[in-house]
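Accompanying notes for the structure given below.
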Amino acid sequence: MKISEFTATKLADVLRRGELLLKLGPFVARLKTDVASLVSDIALMYADFSVCPADAFADFHVEVGHESGLRRWFKPQVRFFFDGRPSFIPLPAAQAFAMLEWGLNWCVAAHCHQYLIIHAAVIEKNGMAAVLPAPPGSGKSTLCTGLVMRGWRLLSDELALYDMASGLIYGMSRPINLKNKSIELIKQYAPTAVMTASMPDTTKGTVALLRPPMNSVLHANEAVRPSWIILPKYEQDAQPELVPHSRAHTFMLIAEQSFNYDIQGQRGFEAIGNLVEQALCYQFTYSQLDDAERLFAQLLAERVG
C-alpha cells in the first residue's frame, strides 16, 4: 500500500497512533505526529512511498509532536523524538516537515554503521551512477535536483549509503532539501516540480522540500555501482568546467564528508580507497543547470560508448 492510497482522515489517524511504517530504501521508519501541517506534507512528499504493516519491524521510531503548555497555542513549537526521547531543541511548528527530514537524516547517520555514510548526492541513468560529495553551499542539491528533473534517477541528495563489502551504493529516494535562492531557481527550471511551502528563518535559511519523481521512488531499492565521483562547485556566471580531480584529494574529501569514517577504522579506509579506484574523479564548476545537463549527457555517452 502507498501513502497516496490513504484518505486524509485515515492518514492523520494512523500517524496520530504511531502506526505508519514508511519504507525508506533499506530502512523502515515508524512515524507518529499530531501536527496537522506535517500530516499534509507527508501526504504530499511521500505520496508514492510504500508502507509496511503496523506490526512490522521498524529501524527507527520517531515522533514530531507539539510542545506542551502555552507553546502549543502561543507561537507553537514542535519537537523531534527518537525512541520516545526528545532529541533536538524545539522548532517553530511551521518547520515541522524540515524537522522530520533532518531528524530522519540524523537517525541514519548516527545509527546505521553497516554502511559508510557519505554526505553526498547520488544519481543514476542507464546503469551509470554519479556520486556528488560536497560541503554545504557547493550547489550539490541544486545540481542533483536539476538532473533528476531531467530524467536521472534520484538515490539521495544528502546521504550516500556505501556498502563496504559489495562496493554498491544504496539510497532512500527521499524528498530533496532546497535552500534559499535554489528554491526559485528550481521552480523556474522545472515548473512541474512539487514542493512544500517555503519555510523561512530555519537554521539553514529558507528551506523547501521537493517531491522525488515516482520512478526514483519505485526503484529506491536498486543499488548502484559508482561510475563517477564529481565534486560540484557553484560559481555565479562561471563557464562550465569539468576537470579531472586526483584520487588522493577525492579520497580526503570523501573521508571529511563521511559521518562515520572514524568509527569504521581500517575498514572505512579501505572502503574509500576502493570507491575512488572504481570511479572516474572530477571537479565540476557550473552556474547554469542547462550546461550541467548537457555536460552530464556527454559523460554518459562517453562512458556507454
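All residue names refer to the C-alpha cells as shown: chains lettered A, B, ... in order, residues numbered from 1 in each chain, ligands numbered from 1 in order.
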- Task: Based on DSSP run over this structure's backbone, return all residues of stretch 58-291 of chain A in helix (DSSP H, G or I), as an MDAnalysis selection string.
- Result: chainID A and resid 69:72 93:111 140:148 181:189 214:218 247:256 261:264 266:278 289:291
- Query: Got a sec: who's within 7 Å of A:Phe97, counting only C-alpha atoms, leaving out chain neighbours fewer than 3 positions off, as an MDAnalysis selection string?
  - Reply: chainID A and resid 38 41 100:101
Restricted to C-alpha atoms, what would the selected residues look like written as a compact mmCIF listing (two decimals), in the first residue's frame?
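Saved file selection-v3.txt follows:
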```txt
# COMPACT_ATOMS: atom_id res chain seq x y z
CA LEU A 38 3.04 17.71 8.93
CA ASP A 41 3.30 17.45 3.96
CA LEU A 100 11.21 15.43 10.38
CA GLU A 101 13.58 15.27 7.41
```
- Message: List the spatial neighbours of A:Ala279 as a ChimeraX atom specification - criterion: any atom at most 6 Å away, only C-alpha atoms, same-chain residues fewer than 3 positions off excluded.
- Response: /A:226-228,276
Output the selection as an mmCIF file, in the first residue's frame - N, CA and C atoms for each residue.
```cif
data_model
loop_
_atom_site.group_PDB
_atom_site.id
_atom_site.type_symbol
_atom_site.label_atom_id
_atom_site.label_comp_id
_atom_site.auth_asym_id
_atom_site.auth_seq_id
_atom_site.Cartn_x
_atom_site.Cartn_y
_atom_site.Cartn_z
ATOM 1 N N PRO A 226 29.198 3.065 -8.488
ATOM 2 C CA PRO A 226 29.528 4.414 -8.968
ATOM 3 C C PRO A 226 30.435 4.407 -10.196
ATOM 4 N N SER A 227 30.044 5.192 -11.185
ATOM 5 C CA SER A 227 30.863 5.381 -12.371
ATOM 6 C C SER A 227 31.734 6.629 -12.264
ATOM 7 N N TRP A 228 31.186 7.654 -11.576
ATOM 8 C CA TRP A 228 31.913 8.908 -11.423
ATOM 9 C C TRP A 228 31.771 9.404 -9.982
ATOM 10 N N VAL A 276 37.100 5.207 -4.668
ATOM 11 C CA VAL A 276 37.730 6.150 -5.603
ATOM 12 C C VAL A 276 38.470 5.420 -6.717
#
```
- Item | Residue neighbourhood A:Pro90, 7 Å, only C-alpha atoms, exclusion window fewer than 5 positions, as a list in words | Gln77, Val78 and Arg79 of chain A
- Query: Leaving out A:Arg247 and any residue of its chain fewer than 6 positions from it, which residues lie within 10 Å of it when counting only C-alpha atoms, given as a list in words?
  - Reply: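 Once the nearby chain positions are removed, what remains is Ile229, Leu253, Gly273, Leu275, Val276, Glu277, Ala279, Leu280, Cys281 and Tyr282 of chain A.
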Sorted by chain and rising residue number, which residues of stretch 172-209 of chain A lie within 12 Å of stretch 159-167 of chain A, and what are their closest atom pairs and distances in Å to one decimal, counting only C-alpha atoms, as a Markdown table?
```
| residue | atom | partner | partner_atom | distance |
| --- | --- | --- | --- | --- |
| A:Met172 | CA | A:Leu159 | CA | 8.4 |
| A:Ser173 | CA | A:Leu159 | CA | 9.9 |
| A:Arg174 | CA | A:Leu159 | CA | 9.9 |
| A:Pro175 | CA | A:Leu159 | CA | 11.8 |
| A:Ile176 | CA | A:Leu159 | CA | 11.0 |
| A:Asn177 | CA | A:Leu159 | CA | 11.7 |
```
- Message: Need to verify the contact set: A:Ile183, 12 Å, only C-alpha atoms, exclusion of same-chain residues closer than 2 positions in sequence. Can you return it as a PyMOL selection string?
- Response: chain A and resi 139+141-142+145-146+176-181+185-191+193-200+205-210
Output file for the residues above (C-alpha atoms, as a tab-separated table (two decimals), in the first residue's frame):
```tsv
chain	number	residue	atom	x	y	z
A	139	GLY	CA	25.37	23.68	-5.11
A	141	SER	CA	21.41	19.69	-4.06
A	142	THR	CA	20.63	22.22	-6.79
A	145	THR	CA	17.64	18.38	-8.47
A	146	GLY	CA	18.23	19.83	-11.92
A	176	ILE	CA	15.22	16.85	-1.83
A	177	ASN	CA	16.12	19.68	0.53
A	178	LEU	CA	16.44	23.02	-1.29
A	179	LYS	CA	17.62	26.24	0.30
A	180	ASN	CA	17.35	29.97	-0.34
A	181	LYS	CA	17.93	31.01	-3.98
A	185	LEU	CA	15.79	28.64	-9.46
A	186	ILE	CA	14.29	25.13	-9.50
A	187	LYS	CA	10.74	26.48	-9.78
A	188	GLN	CA	11.79	28.25	-12.97
A	189	TYR	CA	13.86	25.35	-14.29
A	190	ALA	CA	11.24	22.68	-13.53
A	191	PRO	CA	7.78	24.29	-13.24
A	193	ALA	CA	8.18	20.14	-9.60
A	194	VAL	CA	6.06	19.56	-6.49
A	195	MET	CA	7.36	21.35	-3.38
A	196	THR	CA	6.30	22.12	0.13
A	197	ALA	CA	5.65	25.70	1.10
A	198	SER	CA	8.89	27.56	1.81
A	199	MET	CA	9.93	27.58	5.46
A	200	PRO	CA	11.82	30.79	6.32
A	205	GLY	CA	17.83	29.90	5.89
A	206	THR	CA	14.67	29.46	3.82
A	207	VAL	CA	14.02	25.80	3.07
A	208	ALA	CA	11.60	23.89	0.84
A	209	LEU	CA	11.38	20.16	0.12
A	210	LEU	CA	10.84	18.75	-3.36
```
